[in-house]
Amino acid sequence: MGRRNVEPWRDDRGVALPSLTTPEAIIAALNRQPEIAGALRSILTPRHPSQLYEAFFEGIVLFAILWLVRTRTRQPNGVLTGLFFIFYAVFRIAIEYFREPDAALIGHFTRGQFFSFFLIAIGVAFVGAAKMRPTYPKRMTKHGA
């Protein structure tokens, strides 16, 4: 194979690329010329939708866990806060494997994973303090009852 082609309107195999400035133009070009798919495949790599993973786990799943603990069990003050820190950090550590690192790594971990370890420690401290000196939230009573 020869040198890389420097013409902006041709790829390395000499396939003429039309002006692909809008999504509609890209789709229309792919329908007319299937060989363009090969040219675009090298620059349009599939990626994980990590924002959706975060929204699902750090939003919906975390809320469900905390809601279940709050409504189904009677825990001392501070346990819910500690569980939030712990589960948020665990989900963040797991989801960071699907993200592109946005800063320099700290050891084998991304910056988000590294800071999440501190959140786990803070969460464990909250749960430990709540269990050692339990104070329970007051039950809500109806007015006039």
# chains A, B, ... in the order shown; residues from 1 in each chain; ligands from 1
$ residues_around --residues "range 111-120 of chain A" --least-positions-apart "6" --cutoff "10 Å" --atoms "only C-alpha atoms" --output "ChimeraX atom specification"
/A:82-97,101-105,126
$ select_by_dssp --residues "chain A" --states "strand (DSSP E or B)" --output "NGL selection string"
:A and (10 or 16 or 106 or 109)
$ write_last_selection --atoms "C-alpha atoms" --output "compact mmCIF listing (two decimals), in the first residue's frame"
# COMPACT_ATOMS: atom_id res chain seq x y z
CA ARG A 10 -10.80 10.75 -1.00
CA ALA A 16 -14.58 9.61 -3.46
CA ILE A 106 -3.55 7.49 39.34
CA PHE A 109 -7.30 3.80 38.40
$ select_by_dssp --residues "chain A" --states "helix (DSSP H, G or I)" --output "JSON, numbers by chain"
{"A": [23, 24, 25, 26, 27, 28, 29, 30, 31, 32, 35, 36, 37, 38, 39, 40, 41, 50, 51, 52, 53, 54, 55, 56, 57, 58, 59, 60, 61, 62, 63, 64, 65, 66, 67, 68, 69, 70, 71, 72, 79, 80, 81, 82, 83, 84, 85, 86, 87, 88, 89, 90, 91, 92, 93, 94, 95, 96, 97, 98, 111, 112, 113, 114, 115, 116, 117, 118, 119, 120, 121, 122, 123, 124, 125, 126, 127, 128, 129, 130, 131, 132]}
$ closest_atom_pairs --of "range 38-119 of chain A" --to "range 130-136 of chain A" --cutoff "10 Å" --atoms "only C-alpha atoms" --output "JSON lines"
{"residue": "A:Arg74", "atom": "CA", "partner": "A:Tyr136", "partner_atom": "CA", "distance": 7.8}
{"residue": "A:Gln75", "atom": "CA", "partner": "A:Tyr136", "partner_atom": "CA", "distance": 6.8}
{"residue": "A:Pro76", "atom": "CA", "partner": "A:Tyr136", "partner_atom": "CA", "distance": 4.6}
{"residue": "A:Asn77", "atom": "CA", "partner": "A:Tyr136", "partner_atom": "CA", "distance": 5.6}
{"residue": "A:Gly78", "atom": "CA", "partner": "A:Ala130", "partner_atom": "CA", "distance": 5.3}
{"residue": "A:Val79", "atom": "CA", "partner": "A:Ala130", "partner_atom": "CA", "distance": 5.9}
{"residue": "A:Leu80", "atom": "CA", "partner": "A:Ala130", "partner_atom": "CA", "distance": 9.5}
{"residue": "A:Thr81", "atom": "CA", "partner": "A:Ala130", "partner_atom": "CA", "distance": 9.8}
{"residue": "A:Gly82", "atom": "CA", "partner": "A:Ala130", "partner_atom": "CA", "distance": 8.8}
$ atom_distance --atom1 "CA of Phe98 in chain A" --atom2 "CA of Pro49 in chain A"
8.3 Å
$ atom_distance --atom1 "CA of Arg139 in chain A" --atom2 "CA of Arg70 in chain A"
12.5 Å
$ residues_around --residues "Arg47 in chain A" --least-positions-apart "4" --cutoff "12 Å" --atoms "only C-alpha atoms" --output "ChimeraX atom specification"
/A:43,51-52,98-100
